[in-house]
Amino acid sequence: MSGTPVRLERDGAVAAMVLHDPPLNLFGAAAFQALNQCLDEVEGSDARALVWRAEGEVFTGGADVNVFQQIVDAGGDRSDLSFEPLLGAVRRIEGLPMPTLALVHGLCLTAGLEVSLGCDMLWATESARFGLVEAVIGLTPGAGGTQRMAERAGPARAREFVMTGGLYDAQTLERWNVVNRVVADDELLEKGMRFAHRLAAGPTLAHAATKKIVRACCEDGVDKADRETPKVAAGLFATEDLNRAVESFLSEGPGKATFEGR
């Protein structure tokens, strides 16, 4: 997918979707399409972890406002369709049966942040800044950013984040439980990819089960997660990974098992 705004790379068991459309890595129709094409490939692959990252001085300047101008010029007709491709991609990332990790540097606004919030975990550089700044043009985030901020940081924080249209640093969002880890600017890619490989080397089916339980809890609280847990956890006893790991634990002790995602 060379030359597209978002390309897919493979590094062993880790797939990486890389946003690269200089100078600002803006999200327009081409980026939405390329992102979904990358997800088509990931869903049909043997990848066991996914990284979402960008190249350039900024992670992304956000959505291309020219797209909104086209909607205005058309009288706002079917404006809902402008959000569907990206919101659909965010939901597809959330539904992947593998760990997903966003590695964010520089400035990360609107659409690119919304994709990042769809990942299981989000790492950021010390100098990273984040914003859902749609309020500056009289809009509210249309690709799921508001509700995913509320899910991580709570409703009051989400209202502040969106209504002010301001920029927030990585340290603040780590304190708000939006960012998992803040690392030095020159260490993000190396440490982030090392962590992604660690995730990819783990029990992939167990990780997918963990995601289902967390999602159930987010959707309908602990009660729903409690109902889901016996089903997804019990099913793991039929996997090759669990059977071999139990045998390894009993014969060699903890921490010696290797996993193949089966």
# chains A, B, ... in the order shown; residues from 1 in each chain; ligands from 1

call {"tool": "closest_atom_pairs", "arguments": {"of": "segment 107-163 of chain A", "to": "segment 15-28 of chain A", "cutoff": "12 Å", "atoms": "only C-alpha atoms", "output": "JSON lines"}}
result
{"residue": "A:Leu107", "atom": "CA", "partner": "A:Leu24", "partner_atom": "CA", "distance": 9.4}
{"residue": "A:Cys108", "atom": "CA", "partner": "A:Asn25", "partner_atom": "CA", "distance": 9.7}
{"residue": "A:Leu109", "atom": "CA", "partner": "A:Leu26", "partner_atom": "CA", "distance": 9.4}
{"residue": "A:Thr110", "atom": "CA", "partner": "A:Phe27", "partner_atom": "CA", "distance": 9.1}
{"residue": "A:Ala111", "atom": "CA", "partner": "A:Phe27", "partner_atom": "CA", "distance": 6.6}
{"residue": "A:Gly112", "atom": "CA", "partner": "A:Phe27", "partner_atom": "CA", "distance": 7.5}
{"residue": "A:Leu113", "atom": "CA", "partner": "A:Phe27", "partner_atom": "CA", "distance": 10.9}
{"residue": "A:Glu114", "atom": "CA", "partner": "A:Phe27", "partner_atom": "CA", "distance": 11.2}
{"residue": "A:Val115", "atom": "CA", "partner": "A:Phe27", "partner_atom": "CA", "distance": 10.9}
{"residue": "A:Ser116", "atom": "CA", "partner": "A:Met17", "partner_atom": "CA", "distance": 11.3}
{"residue": "A:Cys119", "atom": "CA", "partner": "A:Met17", "partner_atom": "CA", "distance": 11.9}
{"residue": "A:Ala143", "atom": "CA", "partner": "A:Phe27", "partner_atom": "CA", "distance": 11.7}

call {"tool": "write_last_selection", "arguments": {"atoms": "C-alpha atoms", "output": "mmCIF file, in the first residue's frame"}}
result
data_model
loop_
_atom_site.group_PDB
_atom_site.id
_atom_site.type_symbol
_atom_site.label_atom_id
_atom_site.label_comp_id
_atom_site.auth_asym_id
_atom_site.auth_seq_id
_atom_site.Cartn_x
_atom_site.Cartn_y
_atom_site.Cartn_z
ATOM 1 C CA LEU A 107 0.358 16.916 18.140
ATOM 2 C CA CYS A 108 -2.564 14.494 17.968
ATOM 3 C CA LEU A 109 -5.939 16.010 17.122
ATOM 4 C CA THR A 110 -9.504 14.939 16.364
ATOM 5 C CA ALA A 111 -9.710 11.999 13.935
ATOM 6 C CA GLY A 112 -6.267 10.579 14.689
ATOM 7 C CA LEU A 113 -6.946 10.786 18.406
ATOM 8 C CA GLU A 114 -10.292 9.079 17.954
ATOM 9 C CA VAL A 115 -8.554 6.164 16.217
ATOM 10 C CA SER A 116 -6.000 6.075 19.048
ATOM 11 C CA CYS A 119 -6.859 0.985 20.736
ATOM 12 C CA ALA A 143 -16.011 9.495 15.250
#

call {"tool": "closest_atom_pairs", "arguments": {"of": "segment 103-129 of chain A", "to": "segment 211-233 of chain A", "cutoff": "12 Å", "atoms": "only C-alpha atoms", "output": "CSV"}}
result
residue,atom,partner,partner_atom,distance
A:Gly118,CA,A:Arg215,CA,11.7
A:Cys119,CA,A:Lys211,CA,10.9
A:Asp120,CA,A:Lys211,CA,8.2
A:Met121,CA,A:Lys211,CA,11.4

call {"tool": "select_by_dssp", "arguments": {"residues": "segment 5-249 of chain A", "states": "alpha helix (DSSP H)", "output": "NGL selection string"}}
result
:A and (29-43 or 65-73 or 84-95 or 110-117 or 145-153 or 155-164 or 170-175 or 188-200 or 204-235 or 240-249)

call {"tool": "residues_around", "arguments": {"residues": "segment 195-205 of chain A", "least_positions_apart": "5", "cutoff": "6 Å", "atoms": "only C-alpha atoms", "output": "ChimeraX atom specification"}}
result
/A:48-49,259,261

call {"tool": "select_by_dssp", "arguments": {"residues": "segment 13-205 of chain A", "states": "strand (DSSP E)", "output": "PDB file with all heavy atoms, in the first residue's frame"}}
result
ATOM      1  N   VAL A  14       3.794  -8.684  14.703  1.00  0.00           N
ATOM      2  CA  VAL A  14       3.193  -7.370  14.945  1.00  0.00           C
ATOM      3  C   VAL A  14       2.894  -6.681  13.620  1.00  0.00           C
ATOM      4  O   VAL A  14       3.784  -6.517  12.779  1.00  0.00           O
ATOM      5  CB  VAL A  14       4.114  -6.481  15.795  1.00  0.00           C
ATOM      6  CG1 VAL A  14       3.500  -5.093  15.976  1.00  0.00           C
ATOM      7  CG2 VAL A  14       4.387  -7.127  17.138  1.00  0.00           C
ATOM      8  N   ALA A  15       1.649  -6.282  13.430  1.00  0.00           N
ATOM      9  CA  ALA A  15       1.261  -5.442  12.302  1.00  0.00           C
ATOM     10  C   ALA A  15       1.240  -3.992  12.774  1.00  0.00           C
ATOM     11  O   ALA A  15       0.884  -3.708  13.924  1.00  0.00           O
ATOM     12  CB  ALA A  15      -0.110  -5.853  11.771  1.00  0.00           C
ATOM     13  N   ALA A  16       1.614  -3.075  11.898  1.00  0.00           N
ATOM     14  CA  ALA A  16       1.614  -1.657  12.240  1.00  0.00           C
ATOM     15  C   ALA A  16       0.922  -0.868  11.141  1.00  0.00           C
ATOM     16  O   ALA A  16       1.298  -0.977   9.970  1.00  0.00           O
ATOM     17  CB  ALA A  16       3.030  -1.141  12.451  1.00  0.00           C
ATOM     18  N   MET A  17      -0.077  -0.094  11.519  1.00  0.00           N
ATOM     19  CA  MET A  17      -0.700   0.851  10.599  1.00  0.00           C
ATOM     20  C   MET A  17      -0.018   2.197  10.814  1.00  0.00           C
ATOM     21  O   MET A  17      -0.023   2.734  11.921  1.00  0.00           O
ATOM     22  CB  MET A  17      -2.202   0.963  10.872  1.00  0.00           C
ATOM     23  CG  MET A  17      -2.958  -0.331  10.657  1.00  0.00           C
ATOM     24  SD  MET A  17      -4.777  -0.148  10.664  1.00  0.00           S
ATOM     25  CE  MET A  17      -5.023   0.632  12.276  1.00  0.00           C
ATOM     26  N   VAL A  18       0.568   2.720   9.732  1.00  0.00           N
ATOM     27  CA  VAL A  18       1.406   3.912   9.832  1.00  0.00           C
ATOM     28  C   VAL A  18       0.780   5.043   9.027  1.00  0.00           C
ATOM     29  O   VAL A  18       0.614   4.939   7.805  1.00  0.00           O
ATOM     30  CB  VAL A  18       2.833   3.630   9.323  1.00  0.00           C
ATOM     31  CG1 VAL A  18       3.721   4.861   9.528  1.00  0.00           C
ATOM     32  CG2 VAL A  18       3.433   2.410  10.010  1.00  0.00           C
ATOM     33  N   LEU A  19       0.448   6.128   9.717  1.00  0.00           N
ATOM     34  CA  LEU A  19      -0.096   7.318   9.072  1.00  0.00           C
ATOM     35  C   LEU A  19       1.069   8.178   8.587  1.00  0.00           C
ATOM     36  O   LEU A  19       1.921   8.580   9.380  1.00  0.00           O
ATOM     37  CB  LEU A  19      -0.965   8.090  10.070  1.00  0.00           C
ATOM     38  CG  LEU A  19      -1.536   9.434   9.626  1.00  0.00           C
ATOM     39  CD1 LEU A  19      -2.472   9.263   8.435  1.00  0.00           C
ATOM     40  CD2 LEU A  19      -2.258  10.114  10.791  1.00  0.00           C
ATOM     41  N   ALA A  49      -0.684  -8.844  17.164  1.00  0.00           N
ATOM     42  CA  ALA A  49      -0.772  -7.547  17.841  1.00  0.00           C
ATOM     43  C   ALA A  49      -0.770  -6.481  16.757  1.00  0.00           C
ATOM     44  O   ALA A  49      -0.232  -6.685  15.663  1.00  0.00           O
ATOM     45  CB  ALA A  49       0.383  -7.330  18.811  1.00  0.00           C
ATOM     46  N   LEU A  50      -1.371  -5.342  17.069  1.00  0.00           N
ATOM     47  CA  LEU A  50      -1.449  -4.232  16.114  1.00  0.00           C
ATOM     48  C   LEU A  50      -0.974  -2.953  16.772  1.00  0.00           C
ATOM     49  O   LEU A  50      -1.375  -2.633  17.900  1.00  0.00           O
ATOM     50  CB  LEU A  50      -2.883  -4.056  15.627  1.00  0.00           C
ATOM     51  CG  LEU A  50      -3.120  -2.856  14.696  1.00  0.00           C
ATOM     52  CD1 LEU A  50      -2.443  -3.084  13.345  1.00  0.00           C
ATOM     53  CD2 LEU A  50      -4.616  -2.590  14.500  1.00  0.00           C
ATOM     54  N   VAL A  51      -0.133  -2.209  16.044  1.00  0.00           N
ATOM     55  CA  VAL A  51       0.335  -0.888  16.474  1.00  0.00           C
ATOM     56  C   VAL A  51      -0.245   0.160  15.533  1.00  0.00           C
ATOM     57  O   VAL A  51      -0.302  -0.035  14.314  1.00  0.00           O
ATOM     58  CB  VAL A  51       1.874  -0.831  16.463  1.00  0.00           C
ATOM     59  CG1 VAL A  51       2.376   0.609  16.569  1.00  0.00           C
ATOM     60  CG2 VAL A  51       2.444  -1.669  17.604  1.00  0.00           C
ATOM     61  N   TRP A  52      -0.687   1.265  16.094  1.00  0.00           N
ATOM     62  CA  TRP A  52      -1.145   2.436  15.331  1.00  0.00           C
ATOM     63  C   TRP A  52      -0.183   3.566  15.635  1.00  0.00           C
ATOM     64  O   TRP A  52      -0.029   3.966  16.787  1.00  0.00           O
ATOM     65  CB  TRP A  52      -2.567   2.805  15.744  1.00  0.00           C
ATOM     66  CG  TRP A  52      -3.081   4.160  15.380  1.00  0.00           C
ATOM     67  CD1 TRP A  52      -3.496   5.134  16.247  1.00  0.00           C
ATOM     68  CD2 TRP A  52      -3.283   4.703  14.061  1.00  0.00           C
ATOM     69  NE1 TRP A  52      -3.936   6.235  15.557  1.00  0.00           N
ATOM     70  CE2 TRP A  52      -3.816   5.998  14.207  1.00  0.00           C
ATOM     71  CE3 TRP A  52      -3.051   4.205  12.766  1.00  0.00           C
ATOM     72  CZ2 TRP A  52      -4.132   6.811  13.129  1.00  0.00           C
ATOM     73  CZ3 TRP A  52      -3.368   5.015  11.679  1.00  0.00           C
ATOM     74  CH2 TRP A  52      -3.897   6.297  11.861  1.00  0.00           C
ATOM     75  N   ARG A  53       0.525   4.060  14.609  1.00  0.00           N
ATOM     76  CA  ARG A  53       1.510   5.114  14.814  1.00  0.00           C
ATOM     77  C   ARG A  53       1.538   6.029  13.591  1.00  0.00           C
ATOM     78  O   ARG A  53       0.839   5.790  12.607  1.00  0.00           O
ATOM     79  CB  ARG A  53       2.890   4.522  15.079  1.00  0.00           C
ATOM     80  CG  ARG A  53       3.524   3.789  13.911  1.00  0.00           C
ATOM     81  CD  ARG A  53       4.911   3.262  14.262  1.00  0.00           C
ATOM     82  NE  ARG A  53       5.599   2.658  13.130  1.00  0.00           N
ATOM     83  CZ  ARG A  53       6.344   3.325  12.251  1.00  0.00           C
ATOM     84  NH1 ARG A  53       6.489   4.647  12.373  1.00  0.00           N
ATOM     85  NH2 ARG A  53       6.949   2.709  11.251  1.00  0.00           N
ATOM     86  N   ALA A  54       2.347   7.073  13.675  1.00  0.00           N
ATOM     87  CA  ALA A  54       2.456   8.023  12.574  1.00  0.00           C
ATOM     88  C   ALA A  54       3.908   8.450  12.399  1.00  0.00           C
ATOM     89  O   ALA A  54       4.730   8.292  13.307  1.00  0.00           O
ATOM     90  CB  ALA A  54       1.580   9.247  12.830  1.00  0.00           C
ATOM     91  N   THR A 100      -4.065  -4.171  20.852  1.00  0.00           N
ATOM     92  CA  THR A 100      -3.784  -3.029  19.975  1.00  0.00           C
ATOM     93  C   THR A 100      -3.179  -1.906  20.806  1.00  0.00           C
ATOM     94  O   THR A 100      -3.593  -1.653  21.932  1.00  0.00           O
ATOM     95  CB  THR A 100      -5.063  -2.548  19.270  1.00  0.00           C
ATOM     96  OG1 THR A 100      -6.057  -2.213  20.251  1.00  0.00           O
ATOM     97  CG2 THR A 100      -5.616  -3.625  18.356  1.00  0.00           C
ATOM     98  N   LEU A 101      -2.208  -1.215  20.209  1.00  0.00           N
ATOM     99  CA  LEU A 101      -1.428  -0.205  20.931  1.00  0.00           C
ATOM    100  C   LEU A 101      -1.221   1.009  20.043  1.00  0.00           C
ATOM    101  O   LEU A 101      -0.692   0.891  18.935  1.00  0.00           O
ATOM    102  CB  LEU A 101      -0.075  -0.799  21.335  1.00  0.00           C
ATOM    103  CG  LEU A 101       0.956   0.142  21.963  1.00  0.00           C
ATOM    104  CD1 LEU A 101       0.487   0.648  23.322  1.00  0.00           C
ATOM    105  CD2 LEU A 101       2.304  -0.566  22.101  1.00  0.00           C
ATOM    106  N   ALA A 102      -1.628   2.185  20.520  1.00  0.00           N
ATOM    107  CA  ALA A 102      -1.353   3.446  19.834  1.00  0.00           C
ATOM    108  C   ALA A 102      -0.070   4.042  20.394  1.00  0.00           C
ATOM    109  O   ALA A 102       0.107   4.106  21.615  1.00  0.00           O
ATOM    110  CB  ALA A 102      -2.512   4.418  20.018  1.00  0.00           C
ATOM    111  N   LEU A 103       0.813   4.489  19.512  1.00  0.00           N
ATOM    112  CA  LEU A 103       2.070   5.147  19.895  1.00  0.00           C
ATOM    113  C   LEU A 103       2.015   6.574  19.357  1.00  0.00           C
ATOM    114  O   LEU A 103       2.178   6.795  18.148  1.00  0.00           O
ATOM    115  CB  LEU A 103       3.273   4.398  19.311  1.00  0.00           C
ATOM    116  CG  LEU A 103       3.429   2.934  19.732  1.00  0.00           C
ATOM    117  CD1 LEU A 103       4.637   2.308  19.025  1.00  0.00           C
ATOM    118  CD2 LEU A 103       3.578   2.821  21.247  1.00  0.00           C
ATOM    119  N   VAL A 104       1.789   7.540  20.240  1.00  0.00           N
ATOM    120  CA  VAL A 104       1.485   8.903  19.829  1.00  0.00           C
ATOM    121  C   VAL A 104       2.627   9.849  20.182  1.00  0.00           C
ATOM    122  O   VAL A 104       3.129   9.839  21.307  1.00  0.00           O
ATOM    123  CB  VAL A 104       0.175   9.388  20.483  1.00  0.00           C
ATOM    124  CG1 VAL A 104      -0.099  10.837  20.116  1.00  0.00           C
ATOM    125  CG2 VAL A 104      -0.989   8.500  20.055  1.00  0.00           C
ATOM    126  N   LEU A 107       1.730  16.437  18.045  1.00  0.00           N
ATOM    127  CA  LEU A 107       0.358  16.916  18.140  1.00  0.00           C
ATOM    128  C   LEU A 107      -0.588  15.841  17.604  1.00  0.00           C
ATOM    129  O   LEU A 107      -0.392  15.320  16.508  1.00  0.00           O
ATOM    130  CB  LEU A 107       0.203  18.203  17.336  1.00  0.00           C
ATOM    131  CG  LEU A 107      -1.131  18.930  17.416  1.00  0.00           C
ATOM    132  CD1 LEU A 107      -1.387  19.455  18.820  1.00  0.00           C
ATOM    133  CD2 LEU A 107      -1.157  20.082  16.396  1.00  0.00           C
ATOM    134  N   CYS A 108      -1.607  15.529  18.369  1.00  0.00           N
ATOM    135  CA  CYS A 108      -2.564  14.494  17.968  1.00  0.00           C
ATOM    136  C   CYS A 108      -3.977  15.041  18.168  1.00  0.00           C
ATOM    137  O   CYS A 108      -4.443  15.160  19.302  1.00  0.00           O
ATOM    138  CB  CYS A 108      -2.362  13.219  18.781  1.00  0.00           C
ATOM    139  SG  CYS A 108      -3.432  11.851  18.295  1.00  0.00           S
ATOM    140  N   LEU A 109      -4.645  15.356  17.054  1.00  0.00           N
ATOM    141  CA  LEU A 109      -5.939  16.010  17.122  1.00  0.00           C
ATOM    142  C   LEU A 109      -7.043  15.171  16.496  1.00  0.00           C
ATOM    143  O   LEU A 109      -6.803  14.325  15.638  1.00  0.00           O
ATOM    144  CB  LEU A 109      -5.889  17.366  16.409  1.00  0.00           C
ATOM    145  CG  LEU A 109      -4.889  18.401  16.926  1.00  0.00           C
ATOM    146  CD1 LEU A 109      -4.976  19.680  16.089  1.00  0.00           C
ATOM    147  CD2 LEU A 109      -5.115  18.702  18.401  1.00  0.00           C
ATOM    148  N   MET A 121      -4.571   0.140  24.323  1.00  0.00           N
ATOM    149  CA  MET A 121      -3.635   0.914  25.140  1.00  0.00           C
ATOM    150  C   MET A 121      -3.066   2.056  24.322  1.00  0.00           C
ATOM    151  O   MET A 121      -2.996   1.967  23.093  1.00  0.00           O
ATOM    152  CB  MET A 121      -2.504   0.016  25.653  1.00  0.00           C
ATOM    153  CG  MET A 121      -2.935  -0.972  26.726  1.00  0.00           C
ATOM    154  SD  MET A 121      -1.812  -2.399  26.881  1.00  0.00           S
ATOM    155  CE  MET A 121      -2.448  -3.490  25.608  1.00  0.00           C
ATOM    156  N   LEU A 122      -2.666   3.117  25.008  1.00  0.00           N
ATOM    157  CA  LEU A 122      -2.142   4.301  24.333  1.00  0.00           C
ATOM    158  C   LEU A 122      -0.890   4.766  25.066  1.00  0.00           C
ATOM    159  O   LEU A 122      -0.952   5.066  26.263  1.00  0.00           O
ATOM    160  CB  LEU A 122      -3.210   5.399  24.322  1.00  0.00           C
ATOM    161  CG  LEU A 122      -3.053   6.594  23.382  1.00  0.00           C
ATOM    162  CD1 LEU A 122      -4.385   7.350  23.277  1.00  0.00           C
ATOM    163  CD2 LEU A 122      -1.964   7.562  23.822  1.00  0.00           C
ATOM    164  N   TRP A 123       0.217   4.792  24.345  1.00  0.00           N
ATOM    165  CA  TRP A 123       1.466   5.343  24.876  1.00  0.00           C
ATOM    166  C   TRP A 123       1.721   6.684  24.199  1.00  0.00           C
ATOM    167  O   TRP A 123       1.330   6.892  23.040  1.00  0.00           O
ATOM    168  CB  TRP A 123       2.634   4.413  24.593  1.00  0.00           C
ATOM    169  CG  TRP A 123       2.698   3.181  25.447  1.00  0.00           C
ATOM    170  CD1 TRP A 123       1.682   2.575  26.124  1.00  0.00           C
ATOM    171  CD2 TRP A 123       3.863   2.387  25.702  1.00  0.00           C
ATOM    172  NE1 TRP A 123       2.128   1.474  26.780  1.00  0.00           N
ATOM    173  CE2 TRP A 123       3.459   1.322  26.542  1.00  0.00           C
ATOM    174  CE3 TRP A 123       5.193   2.468  25.309  1.00  0.00           C
ATOM    175  CZ2 TRP A 123       4.351   0.344  26.981  1.00  0.00           C
ATOM    176  CZ3 TRP A 123       6.086   1.508  25.742  1.00  0.00           C
ATOM    177  CH2 TRP A 123       5.663   0.455  26.581  1.00  0.00           C
ATOM    178  N   ALA A 124       2.397   7.579  24.891  1.00  0.00           N
ATOM    179  CA  ALA A 124       2.671   8.900  24.333  1.00  0.00           C
ATOM    180  C   ALA A 124       4.049   9.380  24.740  1.00  0.00           C
ATOM    181  O   ALA A 124       4.584   8.976  25.767  1.00  0.00           O
ATOM    182  CB  ALA A 124       1.615   9.898  24.810  1.00  0.00           C
ATOM    183  N   THR A 125       4.598  10.266  23.930  1.00  0.00           N
ATOM    184  CA  THR A 125       5.858  10.911  24.279  1.00  0.00           C
ATOM    185  C   THR A 125       5.618  12.016  25.293  1.00  0.00           C
ATOM    186  O   THR A 125       4.500  12.520  25.444  1.00  0.00           O
ATOM    187  CB  THR A 125       6.539  11.519  23.042  1.00  0.00           C
ATOM    188  OG1 THR A 125       5.667  12.503  22.463  1.00  0.00           O
ATOM    189  CG2 THR A 125       6.855  10.445  22.006  1.00  0.00           C
ATOM    190  N   ARG A 129       0.835  16.303  22.661  1.00  0.00           N
ATOM    191  CA  ARG A 129      -0.318  17.109  23.050  1.00  0.00           C
ATOM    192  C   ARG A 129      -1.548  16.577  22.316  1.00  0.00           C
ATOM    193  O   ARG A 129      -1.473  16.180  21.154  1.00  0.00           O
ATOM    194  CB  ARG A 129      -0.103  18.588  22.703  1.00  0.00           C
ATOM    195  CG  ARG A 129       1.012  19.266  23.514  1.00  0.00           C
ATOM    196  CD  ARG A 129       1.195  20.698  23.053  1.00  0.00           C
ATOM    197  NE  ARG A 129       1.611  20.738  21.654  1.00  0.00           N
ATOM    198  CZ  ARG A 129       1.395  21.763  20.827  1.00  0.00           C
ATOM    199  NH1 ARG A 129       0.729  22.831  21.277  1.00  0.00           N
ATOM    200  NH2 ARG A 129       1.808  21.739  19.579  1.00  0.00           N
ATOM    201  N   PHE A 130      -2.669  16.611  23.001  1.00  0.00           N
ATOM    202  CA  PHE A 130      -3.881  15.981  22.492  1.00  0.00           C
ATOM    203  C   PHE A 130      -5.042  16.964  22.504  1.00  0.00           C
ATOM    204  O   PHE A 130      -5.143  17.798  23.403  1.00  0.00           O
ATOM    205  CB  PHE A 130      -4.263  14.784  23.368  1.00  0.00           C
ATOM    206  CG  PHE A 130      -3.223  13.703  23.440  1.00  0.00           C
ATOM    207  CD1 PHE A 130      -2.141  13.805  24.307  1.00  0.00           C
ATOM    208  CD2 PHE A 130      -3.329  12.573  22.644  1.00  0.00           C
ATOM    209  CE1 PHE A 130      -1.187  12.807  24.387  1.00  0.00           C
ATOM    210  CE2 PHE A 130      -2.383  11.557  22.717  1.00  0.00           C
ATOM    211  CZ  PHE A 130      -1.315  11.677  23.583  1.00  0.00           C
ATOM    212  N   GLY A 131      -5.942  16.806  21.546  1.00  0.00           N
ATOM    213  CA  GLY A 131      -7.135  17.639  21.559  1.00  0.00           C
ATOM    214  C   GLY A 131      -8.240  17.109  20.663  1.00  0.00           C
ATOM    215  O   GLY A 131      -7.971  16.617  19.563  1.00  0.00           O
ATOM    216  N   TYR A 168      -4.180  19.308  25.611  1.00  0.00           N
ATOM    217  CA  TYR A 168      -3.800  18.723  26.889  1.00  0.00           C
ATOM    218  C   TYR A 168      -2.532  17.899  26.715  1.00  0.00           C
ATOM    219  O   TYR A 168      -2.387  17.186  25.717  1.00  0.00           O
ATOM    220  CB  TYR A 168      -4.940  17.838  27.424  1.00  0.00           C
ATOM    221  CG  TYR A 168      -6.154  18.619  27.839  1.00  0.00           C
ATOM    222  CD1 TYR A 168      -7.000  19.183  26.892  1.00  0.00           C
ATOM    223  CD2 TYR A 168      -6.458  18.816  29.184  1.00  0.00           C
ATOM    224  CE1 TYR A 168      -8.124  19.910  27.271  1.00  0.00           C
ATOM    225  CE2 TYR A 168      -7.578  19.536  29.573  1.00  0.00           C
ATOM    226  CZ  TYR A 168      -8.403  20.084  28.610  1.00  0.00           C
ATOM    227  OH  TYR A 168      -9.515  20.808  28.994  1.00  0.00           O
ATOM    228  N   ASP A 169      -1.636  18.004  27.689  1.00  0.00           N
ATOM    229  CA  ASP A 169      -0.372  17.286  27.559  1.00  0.00           C
ATOM    230  C   ASP A 169      -0.517  15.829  27.981  1.00  0.00           C
ATOM    231  O   ASP A 169      -1.513  15.422  28.590  1.00  0.00           O
ATOM    232  CB  ASP A 169       0.746  17.979  28.341  1.00  0.00           C
ATOM    233  CG  ASP A 169       0.468  18.102  29.838  1.00  0.00           C
ATOM    234  OD1 ASP A 169      -0.104  17.158  30.421  1.00  0.00           O
ATOM    235  OD2 ASP A 169       0.835  19.134  30.424  1.00  0.00           O
ATOM    236  N   ARG A 181       0.984   5.122  29.312  1.00  0.00           N
ATOM    237  CA  ARG A 181       2.383   5.306  29.676  1.00  0.00           C
ATOM    238  C   ARG A 181       2.972   6.473  28.902  1.00  0.00           C
ATOM    239  O   ARG A 181       2.692   6.645  27.716  1.00  0.00           O
ATOM    240  CB  ARG A 181       3.171   4.026  29.367  1.00  0.00           C
ATOM    241  CG  ARG A 181       4.541   3.948  30.024  1.00  0.00           C
ATOM    242  CD  ARG A 181       5.176   2.577  29.823  1.00  0.00           C
ATOM    243  NE  ARG A 181       4.332   1.481  30.312  1.00  0.00           N
ATOM    244  CZ  ARG A 181       4.714   0.208  30.329  1.00  0.00           C
ATOM    245  NH1 ARG A 181       5.919  -0.119  29.880  1.00  0.00           N
ATOM    246  NH2 ARG A 181       3.906  -0.725  30.787  1.00  0.00           N
ATOM    247  N   VAL A 182       3.773   7.283  29.576  1.00  0.00           N
ATOM    248  CA  VAL A 182       4.476   8.398  28.951  1.00  0.00           C
ATOM    249  C   VAL A 182       5.965   8.067  28.928  1.00  0.00           C
ATOM    250  O   VAL A 182       6.544   7.701  29.954  1.00  0.00           O
ATOM    251  CB  VAL A 182       4.242   9.721  29.718  1.00  0.00           C
ATOM    252  CG1 VAL A 182       5.013  10.862  29.069  1.00  0.00           C
ATOM    253  CG2 VAL A 182       2.746  10.047  29.775  1.00  0.00           C
ATOM    254  N   VAL A 183       6.579   8.187  27.747  1.00  0.00           N
ATOM    255  CA  VAL A 183       7.996   7.846  27.601  1.00  0.00           C
ATOM    256  C   VAL A 183       8.728   9.009  26.948  1.00  0.00           C
ATOM    257  O   VAL A 183       8.110   9.924  26.385  1.00  0.00           O
ATOM    258  CB  VAL A 183       8.180   6.564  26.763  1.00  0.00           C
ATOM    259  CG1 VAL A 183       7.494   5.378  27.421  1.00  0.00           C
ATOM    260  CG2 VAL A 183       7.667   6.749  25.345  1.00  0.00           C
TER     261      VAL A 183
END

call {"tool": "closest_residue", "arguments": {"among": "A:Glu55, A:Glu260, A:Glu43, A:Gly144", "to": "Leu189 of chain A", "atoms": "only C-alpha atoms"}}
result
A:Glu55

call {"tool": "atom_distance", "arguments": {"atom1": "atom CA of Thr146 of chain A", "atom2": "atom CA of Gln33 of chain A"}}
result
22.5 Å

call {"tool": "decode", "arguments": {"residues": "segment 249-256 of chain A", "atoms": "N, CA, C and O atoms", "output": "PDB file, in the first residue's frame"}}
result
ATOM      1  N   PHE A 249       4.186 -25.448  32.942  1.00  0.00           N
ATOM      2  CA  PHE A 249       4.186 -24.962  34.321  1.00  0.00           C
ATOM      3  C   PHE A 249       4.463 -26.102  35.302  1.00  0.00           C
ATOM      4  O   PHE A 249       5.261 -25.962  36.239  1.00  0.00           O
ATOM      5  N   LEU A 250       3.814 -27.248  35.084  1.00  0.00           N
ATOM      6  CA  LEU A 250       3.963 -28.368  36.013  1.00  0.00           C
ATOM      7  C   LEU A 250       5.321 -29.047  35.895  1.00  0.00           C
ATOM      8  O   LEU A 250       5.847 -29.567  36.878  1.00  0.00           O
ATOM      9  N   SER A 251       5.901 -29.044  34.712  1.00  0.00           N
ATOM     10  CA  SER A 251       7.161 -29.750  34.513  1.00  0.00           C
ATOM     11  C   SER A 251       8.392 -28.865  34.660  1.00  0.00           C
ATOM     12  O   SER A 251       9.457 -29.314  35.093  1.00  0.00           O
ATOM     13  N   GLU A 252       8.253 -27.563  34.303  1.00  0.00           N
ATOM     14  CA  GLU A 252       9.417 -26.673  34.288  1.00  0.00           C
ATOM     15  C   GLU A 252       9.285 -25.472  35.212  1.00  0.00           C
ATOM     16  O   GLU A 252      10.256 -24.756  35.440  1.00  0.00           O
ATOM     17  N   GLY A 253       8.070 -25.229  35.703  1.00  0.00           N
ATOM     18  CA  GLY A 253       7.858 -24.063  36.545  1.00  0.00           C
ATOM     19  C   GLY A 253       7.272 -22.914  35.746  1.00  0.00           C
ATOM     20  O   GLY A 253       7.167 -22.967  34.518  1.00  0.00           O
ATOM     21  N   PRO A 254       6.887 -21.821  36.413  1.00  0.00           N
ATOM     22  CA  PRO A 254       6.225 -20.693  35.744  1.00  0.00           C
ATOM     23  C   PRO A 254       7.161 -19.915  34.837  1.00  0.00           C
ATOM     24  O   PRO A 254       8.372 -19.859  35.053  1.00  0.00           O
ATOM     25  N   GLY A 255       6.572 -19.319  33.800  1.00  0.00           N
ATOM     26  CA  GLY A 255       7.314 -18.411  32.940  1.00  0.00           C
ATOM     27  C   GLY A 255       8.132 -19.068  31.857  1.00  0.00           C
ATOM     28  O   GLY A 255       8.861 -18.378  31.128  1.00  0.00           O
ATOM     29  N   LYS A 256       8.024 -20.360  31.662  1.00  0.00           N
ATOM     30  CA  LYS A 256       8.822 -21.039  30.631  1.00  0.00           C
ATOM     31  C   LYS A 256       8.012 -21.330  29.368  1.00  0.00           C
ATOM     32  O   LYS A 256       8.595 -21.683  28.329  1.00  0.00           O
TER      33      LYS A 256
END
